[in-house]
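One structure below.
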Amino acid sequence: MTPTAIIFDFDGVIADSEVRANLSLSESLTAIGMPATYEECLRDYYGHNWQETQRRIEARFGRPLPADFRERHRTHARAKYMQGFDPVAGVAAFLDALGPMPRAIASSSRAEYIDWALGLFELGHHFEGQVYSADGWARGKPHPDIYLAAAKGLGVEPALCLAVEDSPTGAQAALAAGMTVVGFCGASHITDRAAHGAMLRAVGVHHVAERFDALAALSGLQRAA
């Protein structure tokens, strides 16, 4: 299948952010008496929008988060990102080589954060008007809603879209939308690429790519190499 459009998850695909995101969440939770490790946050909350993450945290601890928790955590996370925050290796060249192929972002993260990070990376021109955020939605990933919204925004049938996802939760969302899905293993939170690739294959992804040059060689995207 040669795709008509390509839709990217953001964290762990474009932004190499998952280590800092989950480390900062573990620190923010621990600071309010809800102790959590980086590994637990990555295991339990990775790939979900804030609404689902909050539901999971509160179910685990049996009490609500403080009303101002998200804002305080956001400030802490931004400071953590500013210590060193980069795009995933190879993404800029990959996007440059896509030419006119329609593309979008379908993410669980806040749109304001995505726009800020794209500006920091100087990649915003690749996605003008095509950033879709499931933040605030009752149904985030693994439901297909955000991917269906991105395909609709691009004016492309979901079956003609290639989705790039690093998390099993996100991969399930894209699969449920009827897209061809590449499980991506190129970001720094993935320390065992073989094991992570096997986990993504177990949820049904069609391909696994460990780097952007490998992604370029899949499904008719050789011209992007």
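Order determines the names: the first chain of the structure tokens is A, the second B, and so forth; residues in each chain are numbered 1 upward, and ligands are numbered 1 upward as they are shown.
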If we count only C-alpha atoms, what is near His189 (chain A) at a cut-off of 12 Å, once residues fewer than 3 positions away on the same chain are taken out, given as a tab-separated table (two decimals) with all heavy atoms, in the first residue's frame?
```tsv
chain	number	residue	atom	x	y	z
A	11	ASP	N	4.54	12.68	20.83
A	11	ASP	CA	5.54	12.31	21.82
A	11	ASP	C	6.06	10.90	21.55
A	11	ASP	O	5.30	9.94	21.46
A	11	ASP	CB	4.93	12.38	23.23
A	11	ASP	CG	4.55	13.80	23.60
A	11	ASP	OD1	5.46	14.62	23.82
A	11	ASP	OD2	3.34	14.10	23.64
A	12	GLY	N	7.37	10.79	21.38
A	12	GLY	CA	7.97	9.51	21.09
A	12	GLY	C	8.10	9.21	19.61
A	12	GLY	O	8.71	8.20	19.23
A	13	VAL	N	7.53	10.08	18.77
A	13	VAL	CA	7.67	9.93	17.32
A	13	VAL	C	8.32	11.18	16.73
A	13	VAL	O	9.31	11.08	15.99
A	13	VAL	CB	6.30	9.66	16.65
A	13	VAL	CG1	6.43	9.68	15.12
A	13	VAL	CG2	5.75	8.31	17.10
A	15	ALA	N	8.67	14.29	18.90
A	15	ALA	CA	9.40	14.83	20.06
A	15	ALA	C	9.97	13.68	20.88
A	15	ALA	O	9.24	12.74	21.22
A	15	ALA	CB	8.48	15.68	20.92
A	16	ASP	N	11.25	13.76	21.21
A	16	ASP	CA	11.87	12.74	22.05
A	16	ASP	C	11.63	13.13	23.51
A	16	ASP	O	12.53	13.53	24.23
A	16	ASP	CB	13.36	12.63	21.75
A	16	ASP	CG	13.95	11.32	22.24
A	16	ASP	OD1	13.22	10.55	22.90
A	16	ASP	OD2	15.14	11.07	21.98
A	17	SER	N	10.38	12.98	23.94
A	17	SER	CA	9.90	13.60	25.16
A	17	SER	C	9.47	12.65	26.26
A	17	SER	O	9.25	13.07	27.40
A	17	SER	CB	8.69	14.49	24.82
A	17	SER	OG	7.72	13.73	24.12
A	18	GLU	N	9.32	11.37	25.95
A	18	GLU	CA	8.68	10.48	26.91
A	18	GLU	C	9.49	10.28	28.20
A	18	GLU	O	8.92	10.12	29.28
A	18	GLU	CB	8.38	9.13	26.27
A	18	GLU	CG	7.29	9.16	25.21
A	18	GLU	CD	5.90	9.42	25.77
A	18	GLU	OE1	5.75	9.60	26.99
A	18	GLU	OE2	4.95	9.44	24.96
A	19	VAL	N	10.81	10.31	28.11
A	19	VAL	CA	11.60	10.17	29.33
A	19	VAL	C	11.33	11.33	30.26
A	19	VAL	O	10.99	11.15	31.45
A	19	VAL	CB	13.10	10.06	29.02
A	19	VAL	CG1	13.92	10.14	30.31
A	19	VAL	CG2	13.41	8.75	28.29
A	20	ARG	N	11.43	12.54	29.76
A	20	ARG	CA	11.21	13.72	30.60
A	20	ARG	C	9.76	13.81	31.05
A	20	ARG	O	9.48	14.20	32.18
A	20	ARG	CB	11.64	14.98	29.87
A	20	ARG	CG	13.14	15.02	29.62
A	20	ARG	CD	13.62	16.32	29.03
A	20	ARG	NE	15.03	16.24	28.70
A	20	ARG	CZ	16.02	16.42	29.56
A	20	ARG	NH1	15.74	16.69	30.82
A	20	ARG	NH2	17.28	16.32	29.18
A	21	ALA	N	8.81	13.46	30.18
A	21	ALA	CA	7.40	13.54	30.55
A	21	ALA	C	7.07	12.61	31.70
A	21	ALA	O	6.40	13.00	32.68
A	21	ALA	CB	6.54	13.22	29.34
A	22	ASN	N	7.52	11.38	31.63
A	22	ASN	CA	7.18	10.42	32.66
A	22	ASN	C	8.02	10.59	33.92
A	22	ASN	O	7.52	10.33	35.03
A	22	ASN	CB	7.30	9.00	32.09
A	22	ASN	CG	6.17	8.69	31.14
A	22	ASN	OD1	5.07	8.38	31.56
A	22	ASN	ND2	6.45	8.80	29.85
A	23	LEU	N	9.24	11.07	33.78
A	23	LEU	CA	10.04	11.40	34.96
A	23	LEU	C	9.41	12.56	35.72
A	23	LEU	O	9.27	12.52	36.95
A	23	LEU	CB	11.47	11.72	34.56
A	23	LEU	CG	12.44	12.02	35.71
A	23	LEU	CD1	12.54	10.84	36.68
A	23	LEU	CD2	13.82	12.37	35.15
A	38	TYR	N	9.35	6.48	37.66
A	38	TYR	CA	9.37	6.70	36.21
A	38	TYR	C	8.84	5.47	35.48
A	38	TYR	O	8.01	5.57	34.57
A	38	TYR	CB	10.79	7.02	35.76
A	38	TYR	CG	11.02	6.84	34.28
A	38	TYR	CD1	10.59	7.81	33.37
A	38	TYR	CD2	11.66	5.70	33.78
A	38	TYR	CE1	10.79	7.65	32.00
A	38	TYR	CE2	11.86	5.54	32.42
A	38	TYR	CZ	11.43	6.51	31.53
A	38	TYR	OH	11.62	6.35	30.18
A	39	GLU	N	9.30	4.29	35.89
A	39	GLU	CA	8.91	3.06	35.22
A	39	GLU	C	7.41	2.82	35.34
A	39	GLU	O	6.76	2.37	34.39
A	39	GLU	CB	9.69	1.88	35.81
A	39	GLU	CG	11.17	1.87	35.49
A	39	GLU	CD	11.98	2.81	36.36
A	39	GLU	OE1	11.44	3.33	37.38
A	39	GLU	OE2	13.16	3.04	36.03
A	41	CYS	N	5.06	5.14	35.75
A	41	CYS	CA	4.35	6.12	34.91
A	41	CYS	C	4.39	5.72	33.45
A	41	CYS	O	3.38	5.81	32.74
A	41	CYS	CB	4.93	7.51	35.14
A	41	CYS	SG	4.53	8.22	36.74
A	42	LEU	N	5.55	5.28	33.00
A	42	LEU	CA	5.68	4.85	31.60
A	42	LEU	C	4.79	3.64	31.34
A	42	LEU	O	4.13	3.55	30.29
A	42	LEU	CB	7.13	4.52	31.29
A	42	LEU	CG	7.48	4.28	29.82
A	42	LEU	CD1	7.26	5.54	28.99
A	42	LEU	CD2	8.93	3.82	29.68
A	43	ARG	N	4.71	2.74	32.29
A	43	ARG	CA	3.90	1.53	32.13
A	43	ARG	C	2.40	1.84	32.14
A	43	ARG	O	1.64	1.29	31.33
A	43	ARG	CB	4.23	0.55	33.25
A	43	ARG	CG	3.45	-0.77	33.19
A	43	ARG	CD	3.62	-1.52	34.50
A	43	ARG	NE	2.95	-0.83	35.61
A	43	ARG	CZ	3.31	-0.96	36.89
A	43	ARG	NH1	4.33	-1.76	37.22
A	43	ARG	NH2	2.65	-0.31	37.83
A	46	TYR	N	1.45	5.99	29.77
A	46	TYR	CA	2.05	6.22	28.46
A	46	TYR	C	1.02	6.09	27.34
A	46	TYR	O	0.32	5.08	27.23
A	46	TYR	CB	3.17	5.21	28.32
A	46	TYR	CG	3.87	5.01	27.01
A	46	TYR	CD1	4.28	6.07	26.22
A	46	TYR	CD2	4.20	3.71	26.61
A	46	TYR	CE1	4.97	5.84	25.05
A	46	TYR	CE2	4.90	3.47	25.45
A	46	TYR	CZ	5.28	4.54	24.66
A	46	TYR	OH	5.98	4.32	23.51
A	88	VAL	N	13.03	13.68	17.77
A	88	VAL	CA	13.57	12.35	17.55
A	88	VAL	C	14.56	12.41	16.39
A	88	VAL	O	14.33	13.10	15.38
A	88	VAL	CB	12.43	11.35	17.26
A	88	VAL	CG1	12.98	9.99	16.84
A	88	VAL	CG2	11.54	11.19	18.49
A	166	ASP	N	4.38	5.08	18.54
A	166	ASP	CA	5.36	4.38	19.37
A	166	ASP	C	4.74	3.61	20.52
A	166	ASP	O	5.38	2.74	21.09
A	166	ASP	CB	6.38	5.36	19.93
A	166	ASP	CG	5.76	6.35	20.90
A	166	ASP	OD1	4.80	7.05	20.50
A	166	ASP	OD2	6.20	6.42	22.07
A	167	SER	N	3.49	3.93	20.90
A	167	SER	CA	2.88	3.26	22.05
A	167	SER	C	1.84	2.25	21.61
A	167	SER	O	1.14	2.45	20.60
A	167	SER	CB	2.23	4.29	22.99
A	167	SER	OG	1.00	4.74	22.46
A	184	PHE	N	6.81	2.53	15.82
A	184	PHE	CA	8.09	3.23	15.74
A	184	PHE	C	8.86	3.06	17.05
A	184	PHE	O	8.31	3.27	18.13
A	184	PHE	CB	7.86	4.70	15.44
A	184	PHE	CG	9.12	5.48	15.20
A	184	PHE	CD1	9.84	5.30	14.03
A	184	PHE	CD2	9.60	6.37	16.15
A	184	PHE	CE1	11.01	6.01	13.80
A	184	PHE	CE2	10.76	7.07	15.94
A	184	PHE	CZ	11.48	6.90	14.75
A	185	CYS	N	10.14	2.72	16.94
A	185	CYS	CA	10.96	2.41	18.12
A	185	CYS	C	12.22	3.27	18.17
A	185	CYS	O	13.26	2.83	18.66
A	185	CYS	CB	11.34	0.93	18.11
A	185	CYS	SG	9.97	-0.22	18.09
A	186	GLY	N	12.14	4.52	17.69
A	186	GLY	CA	13.35	5.32	17.54
A	186	GLY	C	13.64	6.32	18.63
A	186	GLY	O	14.66	7.00	18.58
A	192	ASP	N	14.90	-1.18	24.84
A	192	ASP	CA	15.01	-2.51	24.23
A	192	ASP	C	14.11	-2.50	23.00
A	192	ASP	O	12.91	-2.77	23.08
A	192	ASP	CB	14.57	-3.59	25.23
A	192	ASP	CG	14.79	-5.01	24.71
A	192	ASP	OD1	14.82	-5.19	23.47
A	192	ASP	OD2	14.90	-5.93	25.53
A	193	ARG	N	14.69	-2.18	21.86
A	193	ARG	CA	13.89	-2.01	20.66
A	193	ARG	C	13.25	-3.30	20.18
A	193	ARG	O	12.12	-3.30	19.69
A	193	ARG	CB	14.74	-1.39	19.56
A	193	ARG	CG	15.15	0.05	19.87
A	193	ARG	CD	15.99	0.65	18.77
A	193	ARG	NE	16.28	2.05	19.04
A	193	ARG	CZ	16.99	2.84	18.24
A	193	ARG	NH1	17.49	2.34	17.11
A	193	ARG	NH2	17.21	4.09	18.56
A	196	HIS	N	10.25	-3.90	22.45
A	196	HIS	CA	9.18	-2.94	22.19
A	196	HIS	C	8.51	-3.22	20.85
A	196	HIS	O	7.28	-3.15	20.73
A	196	HIS	CB	9.74	-1.52	22.22
A	196	HIS	CG	8.68	-0.48	22.36
A	196	HIS	ND1	8.16	-0.09	23.57
A	196	HIS	CD2	8.03	0.27	21.43
A	196	HIS	CE1	7.24	0.83	23.40
A	196	HIS	NE2	7.14	1.07	22.10
```
Excluding Ala163 (chain A) and any residue of its chain fewer than 5 positions from it, enumerate the residues within 6 Å of it, using only C-alpha atoms, and give them as a PyMOL selection string. chain A and resi 6-8+181
Atoms to include: C-alpha atoms. Write the selected residues as a tab-separated table (two decimals), in the first residue's frame.
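Full text of out_3.tsv as output:
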```
chain	number	residue	atom	x	y	z
A	6	ILE	CA	0.78	10.10	6.82
A	7	ILE	CA	-0.33	10.82	10.38
A	8	PHE	CA	2.16	11.01	13.23
A	181	VAL	CA	0.18	1.36	11.24
```
Just how far from CA of Leu25 (chain A) is CA of Ala77 (chain A), in Å to one decimal?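 Between CA of Ala77 (chain A) and CA of Leu25 (chain A) the gap works out to 7.4 Å.
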So which bits of region 31-72 of chain A end up alpha helix (DSSP H) when you DSSP the backbone, as JSON, numbers by chain? {"A": [31, 38, 39, 40, 41, 42, 43, 44, 45, 50, 51, 52, 53, 54, 55, 56, 57, 58, 59, 60, 61, 69, 70, 71, 72]}
Export of prior selection with N, CA and C atoms as a PDB file, in the first residue's frame:
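Saved file part26.pdb follows:
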```
ATOM      1  N   ALA A  31       5.564  14.227  44.933  1.00  0.00           N
ATOM      2  CA  ALA A  31       5.584  15.455  45.741  1.00  0.00           C
ATOM      3  C   ALA A  31       4.258  15.693  46.463  1.00  0.00           C
ATOM      4  N   TYR A  38       9.353   6.479  37.663  1.00  0.00           N
ATOM      5  CA  TYR A  38       9.365   6.698  36.211  1.00  0.00           C
ATOM      6  C   TYR A  38       8.839   5.466  35.482  1.00  0.00           C
ATOM      7  N   GLU A  39       9.301   4.290  35.893  1.00  0.00           N
ATOM      8  CA  GLU A  39       8.906   3.056  35.219  1.00  0.00           C
ATOM      9  C   GLU A  39       7.406   2.818  35.344  1.00  0.00           C
ATOM     10  N   GLU A  40       6.843   3.111  36.520  1.00  0.00           N
ATOM     11  CA  GLU A  40       5.403   2.935  36.702  1.00  0.00           C
ATOM     12  C   GLU A  40       4.603   3.895  35.837  1.00  0.00           C
ATOM     13  N   CYS A  41       5.059   5.142  35.746  1.00  0.00           N
ATOM     14  CA  CYS A  41       4.347   6.117  34.913  1.00  0.00           C
ATOM     15  C   CYS A  41       4.395   5.724  33.450  1.00  0.00           C
ATOM     16  N   LEU A  42       5.555   5.276  32.995  1.00  0.00           N
ATOM     17  CA  LEU A  42       5.676   4.851  31.598  1.00  0.00           C
ATOM     18  C   LEU A  42       4.785   3.639  31.343  1.00  0.00           C
ATOM     19  N   ARG A  43       4.713   2.741  32.291  1.00  0.00           N
ATOM     20  CA  ARG A  43       3.899   1.534  32.125  1.00  0.00           C
ATOM     21  C   ARG A  43       2.399   1.836  32.141  1.00  0.00           C
ATOM     22  N   ASP A  44       1.978   2.711  33.051  1.00  0.00           N
ATOM     23  CA  ASP A  44       0.546   2.865  33.329  1.00  0.00           C
ATOM     24  C   ASP A  44      -0.138   4.012  32.592  1.00  0.00           C
ATOM     25  N   TYR A  45       0.615   5.052  32.192  1.00  0.00           N
ATOM     26  CA  TYR A  45      -0.018   6.266  31.663  1.00  0.00           C
ATOM     27  C   TYR A  45       0.423   6.627  30.255  1.00  0.00           C
ATOM     28  N   TRP A  50      -4.730  13.347  29.072  1.00  0.00           N
ATOM     29  CA  TRP A  50      -4.702  13.673  30.490  1.00  0.00           C
ATOM     30  C   TRP A  50      -5.942  13.158  31.209  1.00  0.00           C
ATOM     31  N   GLN A  51      -7.083  13.194  30.561  1.00  0.00           N
ATOM     32  CA  GLN A  51      -8.317  12.778  31.214  1.00  0.00           C
ATOM     33  C   GLN A  51      -8.244  11.305  31.631  1.00  0.00           C
ATOM     34  N   GLU A  52      -7.735  10.453  30.760  1.00  0.00           N
ATOM     35  CA  GLU A  52      -7.593   9.040  31.108  1.00  0.00           C
ATOM     36  C   GLU A  52      -6.475   8.853  32.130  1.00  0.00           C
ATOM     37  N   THR A  53      -5.380   9.601  31.981  1.00  0.00           N
ATOM     38  CA  THR A  53      -4.290   9.517  32.962  1.00  0.00           C
ATOM     39  C   THR A  53      -4.787   9.875  34.352  1.00  0.00           C
ATOM     40  N   GLN A  54      -5.547  10.954  34.451  1.00  0.00           N
ATOM     41  CA  GLN A  54      -6.080  11.353  35.751  1.00  0.00           C
ATOM     42  C   GLN A  54      -6.999  10.273  36.319  1.00  0.00           C
ATOM     43  N   ARG A  55      -7.853   9.704  35.489  1.00  0.00           N
ATOM     44  CA  ARG A  55      -8.730   8.631  35.970  1.00  0.00           C
ATOM     45  C   ARG A  55      -7.916   7.464  36.530  1.00  0.00           C
ATOM     46  N   ARG A  56      -6.842   7.128  35.840  1.00  0.00           N
ATOM     47  CA  ARG A  56      -6.014   6.003  36.284  1.00  0.00           C
ATOM     48  C   ARG A  56      -5.280   6.323  37.577  1.00  0.00           C
ATOM     49  N   ILE A  57      -4.758   7.538  37.689  1.00  0.00           N
ATOM     50  CA  ILE A  57      -4.066   7.932  38.922  1.00  0.00           C
ATOM     51  C   ILE A  57      -5.031   7.895  40.104  1.00  0.00           C
ATOM     52  N   GLU A  58      -6.191   8.472  39.930  1.00  0.00           N
ATOM     53  CA  GLU A  58      -7.144   8.545  41.033  1.00  0.00           C
ATOM     54  C   GLU A  58      -7.682   7.167  41.412  1.00  0.00           C
ATOM     55  N   ALA A  59      -7.821   6.277  40.422  1.00  0.00           N
ATOM     56  CA  ALA A  59      -8.237   4.909  40.734  1.00  0.00           C
ATOM     57  C   ALA A  59      -7.151   4.182  41.514  1.00  0.00           C
ATOM     58  N   ARG A  60      -5.912   4.440  41.162  1.00  0.00           N
ATOM     59  CA  ARG A  60      -4.796   3.774  41.854  1.00  0.00           C
ATOM     60  C   ARG A  60      -4.707   4.205  43.307  1.00  0.00           C
ATOM     61  N   PHE A  61      -4.856   5.497  43.554  1.00  0.00           N
ATOM     62  CA  PHE A  61      -4.642   6.023  44.906  1.00  0.00           C
ATOM     63  C   PHE A  61      -5.925   6.185  45.706  1.00  0.00           C
ATOM     64  N   PHE A  69      -3.368  20.498  40.468  1.00  0.00           N
ATOM     65  CA  PHE A  69      -2.243  19.603  40.183  1.00  0.00           C
ATOM     66  C   PHE A  69      -1.768  19.731  38.749  1.00  0.00           C
ATOM     67  N   ARG A  70      -2.677  19.725  37.803  1.00  0.00           N
ATOM     68  CA  ARG A  70      -2.241  19.707  36.407  1.00  0.00           C
ATOM     69  C   ARG A  70      -1.436  20.958  36.063  1.00  0.00           C
ATOM     70  N   GLU A  71      -1.863  22.106  36.545  1.00  0.00           N
ATOM     71  CA  GLU A  71      -1.139  23.335  36.235  1.00  0.00           C
ATOM     72  C   GLU A  71       0.242  23.331  36.882  1.00  0.00           C
ATOM     73  N   ARG A  72       0.324  22.875  38.121  1.00  0.00           N
ATOM     74  CA  ARG A  72       1.630  22.819  38.785  1.00  0.00           C
ATOM     75  C   ARG A  72       2.533  21.795  38.121  1.00  0.00           C
TER      76      ARG A  72
END
```
Contact residues around region 111-128 of chain A with only C-alpha atoms at 12 Å, ignoring same-chain residues under 3 positions, as a PyMOL selection string: chain A and resi 6-11+14-17+21+49+74-75+77-78+81-82+84-89+91-108+131-136+150+153-154
Would you mind exporting N, CA and C atoms of the selected residues as a compact mmCIF listing (two decimals), in the first residue's frame?
```
# COMPACT_ATOMS: atom_id res chain seq x y z
N ILE A 6 0.10 10.69 5.67
CA ILE A 6 0.78 10.10 6.82
C ILE A 6 0.43 10.90 8.07
N ILE A 7 0.08 10.19 9.13
CA ILE A 7 -0.33 10.82 10.38
C ILE A 7 0.60 10.34 11.48
N PHE A 8 1.17 11.29 12.19
CA PHE A 8 2.16 11.01 13.23
C PHE A 8 1.57 11.21 14.62
N ASP A 9 1.86 10.29 15.53
CA ASP A 9 1.79 10.61 16.93
C ASP A 9 2.88 11.67 17.20
N PHE A 10 2.82 12.33 18.35
CA PHE A 10 3.80 13.38 18.61
C PHE A 10 4.89 12.93 19.57
N ASP A 11 4.54 12.68 20.83
CA ASP A 11 5.54 12.31 21.82
C ASP A 11 6.06 10.90 21.55
N ILE A 14 7.79 12.34 17.04
CA ILE A 14 8.40 13.59 16.58
C ILE A 14 9.24 14.21 17.70
N ALA A 15 8.67 14.29 18.90
CA ALA A 15 9.40 14.83 20.06
C ALA A 15 9.97 13.68 20.88
N ASP A 16 11.25 13.76 21.21
CA ASP A 16 11.87 12.74 22.05
C ASP A 16 11.63 13.13 23.51
N SER A 17 10.38 12.98 23.94
CA SER A 17 9.90 13.60 25.16
C SER A 17 9.47 12.65 26.26
N ALA A 21 8.81 13.46 30.18
CA ALA A 21 7.40 13.54 30.55
C ALA A 21 7.07 12.61 31.70
N ASN A 49 -4.42 10.36 26.97
CA ASN A 49 -4.62 11.79 27.21
C ASN A 49 -4.73 12.05 28.71
N ARG A 74 2.38 20.90 34.99
CA ARG A 74 2.76 21.46 33.69
C ARG A 74 3.97 22.38 33.82
N THR A 75 3.98 23.20 34.85
CA THR A 75 5.12 24.09 35.09
C THR A 75 6.39 23.29 35.36
N ALA A 77 6.98 20.16 34.44
CA ALA A 77 7.37 19.44 33.22
C ALA A 77 8.06 20.36 32.23
N ARG A 78 7.55 21.57 32.07
CA ARG A 78 8.18 22.51 31.13
C ARG A 78 9.61 22.82 31.55
N TYR A 81 11.70 19.89 30.53
CA TYR A 81 11.95 19.90 29.09
C TYR A 81 13.05 20.89 28.73
N MET A 82 13.06 22.03 29.38
CA MET A 82 14.02 23.07 29.03
C MET A 82 15.44 22.72 29.44
N GLY A 84 16.76 20.15 28.34
CA GLY A 84 17.25 19.49 27.14
C GLY A 84 16.13 18.74 26.47
N PHE A 85 15.67 19.25 25.36
CA PHE A 85 14.47 18.71 24.70
C PHE A 85 14.71 18.75 23.21
N ASP A 86 14.66 17.60 22.57
CA ASP A 86 15.04 17.51 21.16
C ASP A 86 13.99 16.72 20.38
N PRO A 87 13.97 16.93 19.07
CA PRO A 87 13.16 16.04 18.23
C PRO A 87 13.80 14.67 18.15
N VAL A 88 13.03 13.68 17.77
CA VAL A 88 13.57 12.35 17.55
C VAL A 88 14.56 12.41 16.39
N ALA A 89 15.65 11.71 16.52
CA ALA A 89 16.69 11.73 15.50
C ALA A 89 16.12 11.32 14.15
N VAL A 91 13.87 12.91 12.26
CA VAL A 91 12.53 13.32 11.87
C VAL A 91 12.55 14.54 10.95
N ALA A 92 13.44 15.48 11.18
CA ALA A 92 13.46 16.69 10.34
C ALA A 92 13.75 16.34 8.88
N ALA A 93 14.76 15.50 8.65
CA ALA A 93 15.09 15.11 7.28
C ALA A 93 13.96 14.31 6.65
N PHE A 94 13.32 13.46 7.45
CA PHE A 94 12.20 12.67 6.93
C PHE A 94 11.06 13.57 6.48
N LEU A 95 10.71 14.54 7.30
CA LEU A 95 9.62 15.45 6.94
C LEU A 95 9.98 16.29 5.72
N ASP A 96 11.22 16.75 5.66
CA ASP A 96 11.66 17.53 4.50
C ASP A 96 11.51 16.74 3.21
N ALA A 97 11.78 15.44 3.29
CA ALA A 97 11.79 14.60 2.09
C ALA A 97 10.41 14.13 1.68
N LEU A 98 9.39 14.36 2.51
CA LEU A 98 8.05 13.90 2.16
C LEU A 98 7.44 14.68 1.01
N GLY A 99 7.99 15.85 0.72
CA GLY A 99 7.44 16.65 -0.36
C GLY A 99 6.03 17.09 -0.05
N PRO A 100 5.13 17.01 -1.04
CA PRO A 100 3.76 17.51 -0.84
C PRO A 100 2.81 16.52 -0.17
N MET A 101 3.29 15.36 0.24
CA MET A 101 2.38 14.39 0.84
C MET A 101 1.65 14.99 2.04
N PRO A 102 0.33 14.93 2.09
CA PRO A 102 -0.40 15.46 3.24
C PRO A 102 0.03 14.75 4.52
N ARG A 103 0.14 15.53 5.59
CA ARG A 103 0.53 14.95 6.87
C ARG A 103 -0.13 15.69 8.01
N ALA A 104 -0.28 14.99 9.14
CA ALA A 104 -0.92 15.58 10.31
C ALA A 104 -0.31 14.97 11.56
N ILE A 105 -0.61 15.59 12.68
CA ILE A 105 -0.27 15.06 14.00
C ILE A 105 -1.57 14.69 14.70
N ALA A 106 -1.61 13.51 15.30
CA ALA A 106 -2.75 13.06 16.10
C ALA A 106 -2.21 12.64 17.46
N SER A 107 -2.39 13.47 18.46
CA SER A 107 -1.70 13.31 19.72
C SER A 107 -2.64 13.36 20.91
N SER A 108 -2.22 12.75 22.01
CA SER A 108 -2.94 12.85 23.28
C SER A 108 -2.57 14.11 24.04
N VAL A 131 -2.74 19.92 13.26
CA VAL A 131 -2.39 19.37 14.56
C VAL A 131 -3.69 19.05 15.29
N TYR A 132 -3.87 17.78 15.64
CA TYR A 132 -5.10 17.32 16.27
C TYR A 132 -4.76 16.76 17.66
N SER A 133 -5.42 17.30 18.66
CA SER A 133 -5.16 16.93 20.04
C SER A 133 -6.40 16.31 20.66
N ALA A 134 -6.19 15.18 21.35
CA ALA A 134 -7.29 14.52 22.07
C ALA A 134 -7.39 15.00 23.52
N ASP A 135 -6.59 15.99 23.89
CA ASP A 135 -6.69 16.53 25.24
C ASP A 135 -8.08 17.13 25.45
N GLY A 136 -8.72 16.77 26.53
CA GLY A 136 -10.06 17.25 26.81
C GLY A 136 -11.16 16.37 26.26
N ALA A 150 -8.17 13.43 12.35
CA ALA A 150 -7.04 13.86 11.53
C ALA A 150 -7.24 13.50 10.06
N GLY A 153 -9.73 15.86 8.61
CA GLY A 153 -9.12 17.17 8.39
C GLY A 153 -8.24 17.21 7.15
N LEU A 154 -7.58 16.10 6.87
CA LEU A 154 -6.75 16.02 5.67
C LEU A 154 -7.57 15.75 4.42
```
Can you tell me how far CA of Gly197 (chain A) sits from CA of Ala149 (chain A), in Å to one decimal?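 If I compute the distance from CA of Gly197 (chain A) to CA of Ala149 (chain A), I get 26.5 Å.
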Step one, run DSSP on the backbone; step two, keep only residues of chain A assigned to strand (DSSP E); then write them as number ranges by chain. A: 5-8, 103-107, 131-133, 161-165, 180-184, 207-209
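Counting from CA of His48 (chain A), the distance to CA of Val205 (chain A) is 18.0 Å.
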Which of these, A:Gly62, A:Pro3, A:Gly90, A:Pro35, has the shortest distance to Ala187 (chain A) once you count only C-alpha atoms?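 Checking each of A:Gly62, A:Pro3, A:Gly90, A:Pro35 against Ala187 (chain A), counting only C-alpha atoms, the winner is A:Gly90.
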